[in-house]
$ cat start_19.txt   # compact mmCIF, C-alpha atoms
# COMPACT_ATOMS: atom_id res chain seq x y z
CA MET A 13 -13.40 10.74 23.27
CA ALA A 14 -15.33 8.36 20.99
CA GLN A 15 -15.86 4.81 22.22
CA PRO A 16 -13.79 2.32 20.24
CA GLN A 17 -16.12 0.23 18.12
CA GLU A 18 -17.05 -3.25 19.26
CA VAL A 19 -15.32 -6.17 17.57
CA LYS A 20 -17.02 -9.52 17.09
CA LEU A 21 -15.62 -12.55 15.31
CA ILE A 22 -18.09 -15.01 13.82
CA SER A 23 -16.29 -18.31 13.45
CA ALA A 24 -16.84 -22.04 13.89
CA PHE A 25 -15.25 -24.69 16.06
CA GLY A 26 -12.22 -26.23 14.42
CA SER A 27 -12.00 -23.72 11.58
CA PRO A 28 -8.38 -22.92 10.73
CA PHE A 29 -9.69 -19.91 8.80
CA GLY A 30 -11.39 -18.58 11.92
CA HIS A 31 -8.22 -19.32 13.87
CA ARG A 32 -6.27 -17.00 11.58
CA ALA A 33 -8.58 -14.11 12.39
CA GLU A 34 -8.57 -14.87 16.11
CA VAL A 35 -4.79 -15.06 16.39
CA ALA A 36 -4.46 -11.78 14.53
CA LEU A 37 -6.85 -10.08 16.97
CA LYS A 38 -5.00 -11.47 19.98
CA LEU A 39 -1.56 -10.55 18.63
CA LYS A 40 -2.77 -6.97 18.16
CA GLY A 41 -4.32 -6.95 21.61
CA VAL A 42 -7.82 -6.23 20.31
CA PRO A 43 -10.65 -7.25 22.65
CA TYR A 44 -13.40 -9.14 20.84
CA GLU A 45 -16.44 -11.30 21.33
CA LEU A 46 -16.23 -14.76 19.75
CA ILE A 47 -19.44 -16.14 18.24
CA LEU A 48 -19.25 -19.79 17.20
CA GLU A 49 -21.56 -20.95 14.44
CA ASP A 50 -22.70 -24.47 13.75
CA LEU A 51 -21.81 -24.72 10.04
CA GLU A 52 -24.42 -27.42 9.56
CA ASN A 53 -27.05 -25.04 10.88
CA LYS A 54 -25.91 -21.50 10.13
CA SER A 55 -27.62 -18.58 11.78
CA GLU A 56 -28.97 -15.41 10.18
CA LEU A 57 -25.74 -13.67 11.20
CA VAL A 58 -23.81 -15.56 8.53
CA PHE A 59 -26.35 -14.96 5.75
CA THR A 60 -26.71 -11.30 6.67
CA HIS A 61 -23.05 -10.45 7.02
CA ASN A 62 -21.59 -12.68 4.30
CA PRO A 63 -24.30 -12.80 1.64
CA VAL A 64 -21.76 -13.55 -1.10
CA HIS A 65 -20.19 -16.72 0.32
CA ASN A 66 -22.29 -17.56 3.43
CA MET A 67 -19.08 -18.64 5.16
CA VAL A 68 -17.09 -17.94 8.29
CA PRO A 69 -15.01 -16.24 9.55
CA ILE A 70 -16.67 -12.85 9.47
CA LEU A 71 -15.23 -9.93 11.38
CA LEU A 72 -17.74 -7.38 12.63
CA HIS A 73 -16.19 -4.04 13.51
CA GLY A 74 -19.01 -1.88 14.76
CA ASN A 75 -21.66 -2.57 12.17
CA GLN A 76 -19.22 -3.20 9.31
CA ALA A 77 -18.46 -6.73 8.15
CA VAL A 78 -15.18 -7.98 6.70
CA CYS A 79 -15.13 -11.44 5.11
CA GLU A 80 -12.47 -13.87 3.82
CA SER A 81 -9.80 -14.83 6.36
CA LEU A 82 -6.81 -13.35 4.49
CA VAL A 83 -8.66 -10.07 3.94
CA ILE A 84 -9.65 -10.06 7.63
CA VAL A 85 -6.06 -10.58 8.81
CA GLU A 86 -4.81 -7.69 6.66
CA TYR A 87 -7.69 -5.54 7.88
CA ILE A 88 -6.83 -6.29 11.51
CA ASP A 89 -3.21 -5.39 10.79
CA GLU A 90 -4.18 -2.06 9.23
CA ALA A 91 -7.14 -0.98 11.40
CA PHE A 92 -5.59 -1.55 14.81
CA ASP A 93 -2.38 -0.42 16.47
CA GLY A 94 0.09 -2.97 17.73
CA PRO A 95 3.04 -4.91 16.33
CA PRO A 96 2.73 -5.27 12.53
CA LEU A 97 1.66 -8.69 11.27
CA LEU A 98 2.83 -8.13 7.73
CA PRO A 99 6.44 -7.16 7.03
CA VAL A 100 7.15 -3.47 6.60
CA ASP A 101 9.26 -3.66 3.43
CA PRO A 102 7.12 -3.79 0.25
CA TYR A 103 9.09 -6.65 -1.31
CA ASP A 104 8.83 -8.73 1.87
CA ARG A 105 5.12 -7.95 1.98
CA ALA A 106 4.74 -9.14 -1.59
CA MET A 107 6.57 -12.38 -0.69
CA ALA A 108 4.33 -12.92 2.35
CA ARG A 109 1.20 -12.37 0.23
CA PHE A 110 2.52 -14.63 -2.52
CA TRP A 111 3.00 -17.54 -0.10
CA ALA A 112 -0.37 -16.84 1.55
CA HIS A 113 -1.93 -17.15 -1.92
CA PHE A 114 0.02 -20.38 -2.35
CA MET A 115 -1.45 -21.77 0.87
CA GLU A 116 -4.98 -20.97 -0.27
CA HIS A 117 -4.76 -21.91 -3.93
CA ARG A 118 -2.05 -24.56 -4.26
CA TRP A 119 -1.70 -26.17 -0.87
CA LEU A 120 -5.24 -26.54 0.42
CA LYS A 121 -7.14 -28.63 -2.13
CA PRO A 122 -4.55 -31.39 -2.77
CA PHE A 123 -3.88 -31.64 0.98
CA TRP A 124 -7.57 -31.97 1.77
CA LEU A 125 -8.19 -34.43 -1.07
CA SER A 126 -5.16 -36.55 -0.13
CA LEU A 127 -6.90 -37.25 3.17
CA TRP A 128 -10.28 -38.38 1.91
CA THR A 129 -9.62 -40.23 -1.37
CA ASN A 130 -8.14 -43.63 -2.21
CA ASP A 131 -5.89 -45.55 -4.54
CA GLU A 132 -4.24 -43.92 -7.54
CA VAL A 133 -6.08 -40.64 -7.18
CA GLN A 134 -4.96 -40.35 -3.56
CA LYS A 135 -1.35 -41.14 -4.52
CA GLY A 136 -1.41 -38.21 -6.92
CA PHE A 137 -2.65 -35.81 -4.26
CA ILE A 138 -0.12 -37.08 -1.74
CA GLU A 139 2.68 -36.49 -4.23
CA GLU A 140 1.47 -32.98 -4.88
CA THR A 141 1.14 -32.27 -1.16
CA LYS A 142 4.69 -33.46 -0.57
CA GLU A 143 5.99 -31.19 -3.33
CA ASN A 144 4.16 -28.29 -1.71
CA LEU A 145 5.59 -29.17 1.70
CA ALA A 146 9.09 -29.16 0.21
CA LEU A 147 8.50 -25.64 -1.12
CA LEU A 148 7.30 -24.47 2.29
CA GLU A 149 10.23 -26.16 4.04
CA ALA A 150 12.56 -24.23 1.74
CA ARG A 151 10.62 -21.04 2.40
CA LEU A 152 11.34 -21.30 6.14
CA ASN A 153 15.01 -21.13 5.25
CA GLY A 154 16.24 -22.04 8.72
CA ASN A 155 14.14 -19.33 10.41
CA ARG A 156 12.11 -19.91 13.51
CA PHE A 157 8.98 -18.54 11.86
CA PHE A 158 7.99 -17.60 8.31
CA GLY A 159 7.96 -14.07 9.68
CA GLY A 160 11.55 -14.40 10.96
CA GLU A 161 12.06 -14.30 14.70
CA THR A 162 8.44 -13.59 15.55
CA ILE A 163 5.08 -14.85 14.37
CA GLY A 164 3.76 -12.92 11.41
CA TYR A 165 1.13 -12.97 8.69
CA LEU A 166 2.40 -16.05 6.87
CA ASP A 167 2.73 -18.10 10.07
CA ILE A 168 -0.91 -17.30 10.85
CA VAL A 169 -1.97 -18.18 7.31
CA ALA A 170 -0.03 -21.47 7.42
CA CYS A 171 -1.61 -22.55 10.73
CA MET A 172 -3.12 -25.64 9.13
CA LEU A 173 0.39 -27.05 8.78
CA ALA A 174 0.56 -27.12 12.55
CA HIS A 175 -2.15 -28.46 14.89
CA TRP A 176 -4.67 -29.48 12.20
CA TYR A 177 -2.11 -31.39 10.18
CA ASP A 178 -1.38 -34.15 12.66
CA VAL A 179 -4.98 -34.24 13.92
CA LEU A 180 -6.08 -35.03 10.36
CA GLU A 181 -3.32 -37.61 9.90
CA GLU A 182 -4.53 -39.29 13.08
CA VAL A 183 -8.20 -39.22 12.07
CA THR A 184 -7.62 -40.55 8.56
CA GLY A 185 -4.65 -42.82 9.13
CA VAL A 186 -3.06 -41.15 6.12
CA SER A 187 0.60 -40.62 6.72
CA LEU A 188 1.87 -37.90 4.45
CA VAL A 189 5.29 -37.55 5.97
CA SER A 190 7.59 -39.87 7.84
CA ASP A 191 9.43 -38.83 10.98
CA ASN A 192 12.56 -37.47 9.33
CA ASP A 193 10.89 -35.42 6.62
CA TYR A 194 10.63 -31.65 6.69
CA PRO A 195 12.51 -30.99 9.96
CA ALA A 196 12.19 -27.20 9.65
CA LEU A 197 8.41 -27.42 9.27
CA ARG A 198 8.14 -29.78 12.23
CA ARG A 199 10.16 -27.41 14.38
CA TRP A 200 8.02 -24.50 13.14
CA ALA A 201 4.80 -26.37 13.98
CA ARG A 202 6.02 -26.98 17.53
CA GLU A 203 7.06 -23.33 17.90
CA TYR A 204 3.76 -22.09 16.51
CA THR A 205 1.49 -24.28 18.62
CA SER A 206 3.43 -23.62 21.82
CA ASN A 207 3.27 -19.84 21.44
CA GLU A 208 1.36 -18.33 24.37
CA VAL A 209 -0.98 -16.27 22.23
CA VAL A 210 -1.61 -18.94 19.59
CA LYS A 211 -2.39 -21.55 22.26
CA GLN A 212 -5.41 -19.52 23.38
CA CYS A 213 -6.96 -19.79 19.92
CA LEU A 214 -6.27 -23.44 19.15
CA PRO A 215 -9.22 -25.81 19.36
CA ASP A 216 -8.78 -28.56 21.95
CA ARG A 217 -6.96 -31.43 20.25
CA ASP A 218 -9.19 -34.26 21.49
CA LEU A 219 -12.33 -32.32 20.61
CA LEU A 220 -10.89 -31.63 17.16
CA VAL A 221 -10.13 -35.31 16.60
CA ALA A 222 -13.69 -36.17 17.60
CA PHE A 223 -15.04 -33.39 15.35
CA PHE A 224 -13.30 -34.69 12.23
CA THR A 225 -13.91 -38.33 13.06
CA LYS A 226 -17.64 -37.68 13.31
CA ARG A 227 -17.65 -36.07 9.85
CA LYS A 228 -15.34 -38.55 8.10
CA GLU A 229 -18.00 -40.15 5.89
CA LYS A 230 -19.31 -36.76 4.84
CA TYR A 231 -15.84 -35.52 3.87
CA ILE A 232 -15.16 -38.69 1.87
CA MET A 233 -18.44 -38.24 0.04
CA PHE A 234 -17.74 -34.56 -0.72
CA ALA A 235 -14.20 -35.33 -1.90
CA ASN A 236 -15.46 -37.95 -4.32
CA ALA A 237 -18.21 -35.61 -5.55
CA LEU A 238 -15.59 -32.91 -6.16
CA LEU A 239 -13.48 -35.34 -8.19
CA SER A 240 -16.31 -36.48 -10.38
CA GLN A 241 -17.15 -32.91 -11.44
CA MET B 30 23.21 -3.15 -22.12
CA ALA B 31 21.90 -2.79 -18.57
CA GLU B 32 18.68 -4.56 -17.74
CA ALA B 33 15.66 -2.28 -17.32
CA GLU B 34 14.88 -1.49 -13.70
CA VAL B 35 11.26 -2.58 -14.14
CA ARG B 36 10.31 -5.43 -16.46
CA CYS B 37 6.89 -6.95 -16.93
CA VAL B 38 6.76 -10.46 -18.36
CA ASP B 39 3.35 -10.89 -19.95
CA PHE B 40 1.35 -11.62 -23.10
CA TRP B 41 -0.93 -9.07 -24.72
CA CYS B 42 -4.18 -10.98 -24.19
CA ASN B 43 -3.61 -12.00 -20.57
CA GLU B 44 -6.35 -10.40 -18.42
CA PHE B 45 -4.29 -10.80 -15.28
CA GLY B 46 -1.26 -9.19 -16.88
CA MET B 47 -3.36 -6.27 -18.11
CA ARG B 48 -4.00 -5.43 -14.46
CA VAL B 49 -0.28 -5.03 -13.85
CA ARG B 50 0.35 -2.98 -16.98
CA ILE B 51 -2.59 -0.68 -16.22
CA ALA B 52 -1.29 -0.18 -12.67
CA LEU B 53 2.22 0.62 -13.91
CA ARG B 54 0.88 3.17 -16.38
CA GLU B 55 -1.42 4.72 -13.76
CA LYS B 56 1.69 5.26 -11.64
CA ASN B 57 3.76 6.51 -14.60
CA VAL B 58 6.33 3.78 -14.10
CA GLU B 59 8.57 3.13 -17.08
CA PHE B 60 8.87 -0.54 -17.75
CA GLU B 61 10.11 -3.02 -20.31
CA PHE B 62 7.43 -5.34 -21.66
CA VAL B 63 8.98 -8.78 -22.04
CA GLU B 64 6.69 -10.91 -24.16
CA GLU B 65 5.97 -14.51 -23.21
CA ASP B 66 4.03 -16.09 -26.05
CA LEU B 67 1.28 -18.15 -24.48
CA ARG B 68 0.56 -19.85 -27.79
CA VAL B 69 3.82 -21.73 -27.22
CA ARG B 70 3.24 -24.55 -24.73
CA GLN B 71 6.68 -24.56 -23.17
CA ARG B 72 7.39 -21.68 -20.81
CA SER B 73 10.59 -19.68 -21.31
CA GLU B 74 13.68 -20.04 -19.16
CA LEU B 75 12.97 -16.58 -17.74
CA VAL B 76 9.49 -17.55 -16.53
CA LEU B 77 10.70 -20.87 -15.10
CA ARG B 78 13.46 -19.05 -13.25
CA MET B 79 11.39 -16.09 -12.04
CA ASN B 80 8.21 -18.02 -11.17
CA PRO B 81 9.24 -21.62 -10.45
CA VAL B 82 6.18 -22.22 -8.25
CA TYR B 83 3.43 -21.36 -10.75
CA ARG B 84 5.35 -21.02 -14.05
CA SER B 85 2.85 -18.40 -15.13
CA ILE B 86 2.62 -14.76 -16.08
CA PRO B 87 2.40 -11.89 -15.31
CA ILE B 88 5.69 -11.48 -13.48
CA LEU B 89 7.04 -8.12 -12.43
CA ILE B 90 10.81 -8.03 -12.18
CA HIS B 91 11.97 -5.04 -10.14
CA ARG B 92 15.73 -4.59 -9.91
CA GLY B 93 16.13 -8.24 -10.78
CA ARG B 94 13.69 -9.54 -8.13
CA PRO B 95 10.44 -11.20 -9.21
CA ILE B 96 6.98 -10.49 -7.86
CA CYS B 97 4.22 -12.87 -8.97
CA GLU B 98 0.41 -13.07 -8.85
CA SER B 99 -1.41 -10.14 -10.46
CA MET B 100 -3.19 -8.58 -7.46
CA ASN B 101 -0.07 -9.03 -5.37
CA ILE B 102 1.91 -7.18 -8.04
CA VAL B 103 -0.69 -4.38 -8.23
CA GLU B 104 -0.48 -3.85 -4.45
CA TYR B 105 3.32 -3.87 -4.66
CA VAL B 106 3.30 -1.28 -7.45
CA ASP B 107 0.89 0.86 -5.43
CA GLU B 108 3.16 0.71 -2.37
CA VAL B 109 6.52 1.16 -4.04
CA TRP B 110 5.60 4.00 -6.40
CA SER B 111 3.60 6.11 -4.02
CA GLN B 112 4.11 9.84 -3.79
CA PRO B 113 2.21 12.29 -1.63
CA GLY B 114 -0.62 13.61 -3.79
CA GLY B 115 0.07 10.95 -6.42
CA THR B 116 -2.31 8.32 -7.75
CA ARG B 117 -3.20 5.71 -5.19
CA LEU B 118 -4.92 2.53 -6.22
CA LEU B 119 -5.74 1.34 -2.71
CA PRO B 120 -7.70 3.78 -0.57
CA ALA B 121 -6.30 4.97 2.76
CA ASP B 122 -9.20 3.69 4.86
CA PRO B 123 -8.68 0.08 6.11
CA LEU B 124 -12.33 -0.88 5.64
CA GLU B 125 -12.42 0.35 2.06
CA ARG B 126 -9.15 -1.50 1.43
CA ALA B 127 -10.70 -4.68 2.83
CA HIS B 128 -13.74 -4.32 0.59
CA ALA B 129 -11.58 -3.70 -2.49
CA ARG B 130 -9.52 -6.82 -1.72
CA PHE B 131 -12.64 -8.89 -1.02
CA TRP B 132 -14.21 -8.03 -4.36
CA ALA B 133 -10.92 -8.40 -6.26
CA ASN B 134 -10.83 -11.94 -4.81
CA PHE B 135 -14.41 -12.40 -6.02
CA VAL B 136 -13.36 -11.44 -9.55
CA ASP B 137 -10.58 -14.04 -9.42
CA GLN B 138 -12.55 -16.85 -7.82
CA LYS B 139 -15.96 -16.36 -9.39
CA VAL B 140 -15.82 -14.22 -12.55
CA PHE B 141 -12.70 -15.77 -14.06
CA ASP B 142 -13.80 -19.28 -13.15
CA ALA B 143 -17.24 -18.83 -14.74
CA GLN B 144 -15.71 -17.19 -17.82
CA HIS B 145 -13.32 -20.08 -18.21
CA ARG B 146 -16.08 -22.68 -17.95
CA PHE B 147 -18.25 -20.63 -20.33
CA PHE B 148 -15.58 -20.90 -23.02
CA MET B 149 -14.53 -24.46 -22.18
CA GLY B 150 -18.01 -25.92 -21.84
CA ARG B 151 -20.54 -27.12 -24.34
CA ASN B 152 -24.32 -27.39 -24.13
CA GLU B 153 -25.58 -27.54 -20.58
CA ALA B 154 -22.23 -26.84 -18.92
CA LYS B 155 -21.85 -23.77 -21.11
CA GLU B 156 -25.34 -22.50 -20.31
CA THR B 157 -24.81 -22.99 -16.57
CA ALA B 158 -21.48 -21.16 -16.69
CA LYS B 159 -23.03 -18.36 -18.76
CA ALA B 160 -25.78 -17.81 -16.18
CA GLU B 161 -23.22 -17.80 -13.36
CA LEU B 162 -20.96 -15.37 -15.21
CA VAL B 163 -23.77 -12.90 -15.83
CA GLY B 164 -24.92 -13.31 -12.22
CA HIS B 165 -21.46 -12.47 -10.88
CA LEU B 166 -21.19 -9.42 -13.14
CA LYS B 167 -24.61 -8.21 -12.04
CA ARG B 168 -23.46 -8.55 -8.46
CA LEU B 169 -20.42 -6.41 -9.21
CA GLU B 170 -22.71 -3.91 -10.86
CA GLU B 171 -24.54 -3.59 -7.53
CA VAL B 172 -21.22 -2.99 -5.79
CA LEU B 173 -20.45 -0.21 -8.27
CA GLY B 174 -23.87 1.37 -7.69
CA ASP B 175 -23.95 4.98 -8.82
CA LYS B 176 -20.26 5.64 -8.22
CA ALA B 177 -18.04 6.69 -11.11
CA PHE B 178 -15.55 3.94 -10.28
CA PHE B 179 -15.44 1.02 -7.87
CA GLY B 180 -12.91 3.16 -6.00
CA GLY B 181 -15.46 5.99 -5.67
CA ASP B 182 -14.46 9.17 -7.45
CA GLU B 183 -11.04 7.70 -8.16
CA PHE B 184 -10.02 4.75 -10.30
CA GLY B 185 -8.78 2.14 -7.86
CA LEU B 186 -7.75 -1.43 -7.10
CA LEU B 187 -11.06 -3.06 -7.95
CA ASP B 188 -11.37 -1.08 -11.19
CA VAL B 189 -7.90 -2.37 -12.14
CA ALA B 190 -8.88 -5.92 -11.16
CA LEU B 191 -12.06 -6.02 -13.27
CA VAL B 192 -11.56 -3.77 -16.30
CA PRO B 193 -9.41 -6.29 -18.26
CA PHE B 194 -12.39 -8.66 -18.30
CA SER B 195 -14.35 -6.03 -20.26
CA SER B 196 -12.17 -6.85 -23.27
CA MET B 197 -13.95 -10.21 -23.28
CA PHE B 198 -17.47 -8.71 -23.46
CA TYR B 199 -17.46 -8.87 -27.26
CA GLY B 200 -16.52 -12.53 -26.93
CA TYR B 201 -19.34 -13.14 -24.43
CA GLU B 202 -21.81 -11.93 -27.08
CA LYS B 203 -20.27 -13.87 -29.96
CA HIS B 204 -19.85 -17.06 -27.97
CA GLY B 205 -23.11 -17.09 -26.06
CA GLY B 206 -25.33 -14.16 -27.01
CA VAL B 207 -24.63 -12.20 -23.81
CA ASP B 208 -25.25 -8.53 -24.55
CA MET B 209 -23.57 -6.67 -21.69
CA GLU B 210 -25.27 -3.39 -22.69
CA VAL B 211 -28.56 -5.09 -21.89
CA GLU B 212 -27.51 -7.32 -19.00
CA CYS B 213 -25.29 -4.84 -17.14
CA PRO B 214 -25.81 -1.33 -18.55
CA VAL B 215 -24.22 0.36 -15.53
CA LEU B 216 -21.13 -1.78 -15.89
CA ALA B 217 -21.05 -1.05 -19.63
CA ARG B 218 -21.04 2.69 -18.87
CA TRP B 219 -18.26 2.14 -16.33
CA VAL B 220 -16.22 0.36 -19.03
CA ARG B 221 -16.57 3.37 -21.33
CA ARG B 222 -15.54 5.66 -18.47
CA CYS B 223 -12.45 3.53 -17.83
CA HIS B 224 -11.56 3.71 -21.50
CA GLU B 225 -11.20 7.49 -21.14
CA ARG B 226 -8.03 6.74 -19.21
CA GLU B 227 -4.86 6.43 -21.21
CA SER B 228 -3.68 3.51 -19.05
CA VAL B 229 -6.74 1.42 -19.95
CA ARG B 230 -6.88 2.47 -23.61
CA SER B 231 -3.24 1.64 -24.20
CA VAL B 232 -3.39 -1.77 -22.51
CA LEU B 233 -6.76 -3.32 -23.37
CA PRO B 234 -6.88 -5.15 -26.70
CA THR B 235 -9.99 -4.87 -28.89
CA GLY B 236 -12.85 -7.23 -28.22
CA VAL B 237 -12.40 -8.77 -31.67
CA ASN B 238 -8.73 -9.57 -31.08
CA MET B 239 -9.45 -10.99 -27.63
CA TYR B 240 -12.20 -13.22 -28.96
CA GLU B 241 -10.09 -14.47 -31.87
CA ILE B 242 -7.18 -15.52 -29.69
CA HIS B 243 -9.43 -17.06 -27.05
CA LYS B 244 -11.10 -19.10 -29.78
CA PHE B 245 -7.63 -20.44 -30.50
CA PHE B 246 -6.90 -21.22 -26.83
CA TYR B 247 -10.28 -22.85 -26.25
CA GLY B 248 -10.42 -24.71 -29.54
CA ILE B 249 -13.60 -22.96 -30.65
CA GLU B 250 -14.39 -22.94 -34.36

$ encode --input "start_19.txt" --output "structure tokens"
Amino acid sequence: MAQPQEVKLISAFGSPFGHRAEVALKLKGVPYELILEDLENKSELVFTHNPVHNMVPILLHGNQAVCESLVIVEYIDEAFDGPPLLPVDPYDRAMARFWAHFMEHRWLKPFWLSLWTNDEVQKGFIEETKENLALLEARLNGNRFFGGETIGYLDIVACMLAHWYDVLEEVTGVSLVSDNDYPALRRWAREYTSNEVVKQCLPDRDLLVAFFTKRKEKYIMFANALLSQ
Amino acid sequence: MAEAEVRCVDFWCNEFGMRVRIALREKNVEFEFVEEDLRVRQRSELVLRMNPVYRSIPILIHRGRPICESMNIVEYVDEVWSQPGGTRLLPADPLERAHARFWANFVDQKVFDAQHRFFMGRNEAKETAKAELVGHLKRLEEVLGDKAFFGGDEFGLLDVALVPFSSMFYGYEKHGGVDMEVECPVLARWVRRCHERESVRSVLPTGVNMYEIHKFFYGIE
């Protein structure tokens, strides 16, 4: 019988994108080697295996590389046996992919920019982030997870709404939501981060706070550069 | 009169919508084309109701339920209308599927973005965008290599994702002197090969028509 091919995940400390790939591997019960890159000093591995974007995460399955976290999660779901991450029904799958696209293309940038900008510009991003949160709150529709009763693809994709969210609020002092807002999302975040499998892939909270705090000035500079483009 | 089982809300010159219409035709799915005129600023009640999050097209409405985002719709069409031995847009192998999705993403993030800035920009911004656009297309040409299609022997997901952009090649030349026959001859041959397919021929507008309407959208004289 052929040896199953080795799986390696090239990621970086604190990366929610890497976390997505790692959780998917663990949920499918796939053994893997985790290689953490220093994004400020990337190794040849990154340039070799992701020549297009030079980013992490990168999944290496044997000698084949898969890049882009959403593509990686779907690949893990399809290449390995185990409980399905995406729904089985085509319409439900389309809904899961739609909201994953939303997280990447509508949620991410305003959320990130609301943390590192000031004044009127920041107010605009905060408003937009709140609107997006309202949409996601509605999406949960009283369910425990976006996937229903168990963690699925969209929960994994939305991981930044848990763990990272309040770390970043703490680091920046930016309060996007007050205590009574978005109760379903809060409950979801607690459920997600207390899941036994997810817990193994979450970066240590204190280390994550220190990580972002150290890079605060850099993020503020990049955010302002992005705005002036 | 009963509503058609499959409706596609789109506008003739929308590159993203062309993907959906090509996919539907490849799968021989009968559908009603519901036109949303993008020259009108205000979106229709149908679009606002069916795509409240993005308020954009294309939208596929299947038995009254909307599916939005072009590549998402293409994957849905491929999954729902699949028959043994029938056309499949996504390959069976997970790694090939991952590569098709990766490069389809690349088309969305890089090619469309550069194209947009190429038409929006003036002077230096335009030249920079033009160089990026050609660079991205050359990269895709490498991915194609000596295969007939991005999908290999068969027309597939990535072919569907990229071929609508070929209707802008005439515009690239008129707007910025980019001759795709010279810059990307392999890609140009692939475009001609795609045009042998009825699905592509019946959906893609002429280069002249695409350029004219994009001049309108981008305010180009």

$ closest_atom_pairs --input "start_19.txt" --of "chain A" --to "chain B" --cutoff "7 Å" --atoms "all atoms listed in the file" --output "Markdown table"
| residue | atom | partner | partner_atom | distance |
| --- | --- | --- | --- | --- |
| A:Val78 | CA | B:Ala127 | CA | 6.8 |
| A:Glu80 | CA | B:Phe131 | CA | 6.9 |
| A:Val83 | CA | B:Ala127 | CA | 5.9 |
| A:Tyr87 | CA | B:Ala127 | CA | 5.9 |
| A:Glu90 | CA | B:Pro123 | CA | 5.9 |
| A:Ala91 | CA | B:Pro123 | CA | 5.6 |
| A:Pro102 | CA | B:Tyr105 | CA | 6.2 |
| A:Ala106 | CA | B:Asn101 | CA | 6.1 |
| A:Arg109 | CA | B:Asn101 | CA | 6.6 |
| A:Phe110 | CA | B:Asn101 | CA | 6.8 |

$ atom_distance --input "start_19.txt" --atom1 "atom CA of Trp200 of chain A" --atom2 "atom CA of Lys228 of chain A"
27.7 Å

$ closest_residue --input "start_19.txt" --among "A:Val85, A:Leu97, A:Leu127, A:Val133" --to "Phe158 of chain A" --atoms "all atoms listed in the file"
A:Leu97

$ closest_residue --input "start_19.txt" --among "B:Val38, B:Ala160, B:Ile249, B:Leu119" --to "Asp66 of chain B" --atoms "all atoms listed in the file"
B:Val38

$ closest_residue --input "start_19.txt" --among "A:Met107, A:Leu120, A:Met233, A:Val19" --to "Thr141 of chain A" --atoms "all atoms listed in the file"
A:Leu120

$ residues_around --input "start_19.txt" --residues "Gly206 of chain B" --least-positions-apart "5" --cutoff "12 Å" --atoms "all atoms listed in the file" --output "number ranges by chain"
B: 147, 155-156, 159-160, 163, 198-201, 211-212

$ atom_distance --input "start_19.txt" --atom1 "atom CA of Leu21 of chain A" --atom2 "atom CA of Ala190 of chain B"
28.1 Å

$ residues_near_point --input "start_19.txt" --point "(-12.8, -5.1, -24.9)" --cutoff "6 Å" --atoms "all atoms listed in the file" --output "list in words"
Ser195, Ser196, Met197, Thr235 and Gly236 of chain B

$ write_last_selection --input "start_19.txt" --atoms "C-alpha atoms" --output "CSV table (one decimal), keeping the file's coordinate frame"
chain,number,residue,atom,x,y,z
B,195,SER,CA,-14.4,-6.0,-20.3
B,196,SER,CA,-12.2,-6.8,-23.3
B,197,MET,CA,-14.0,-10.2,-23.3
B,235,THR,CA,-10.0,-4.9,-28.9
B,236,GLY,CA,-12.8,-7.2,-28.2

$ atom_distance --input "start_19.txt" --atom1 "atom CA of Trp128 of chain A" --atom2 "atom CA of Asn236 of chain A"
8.1 Å
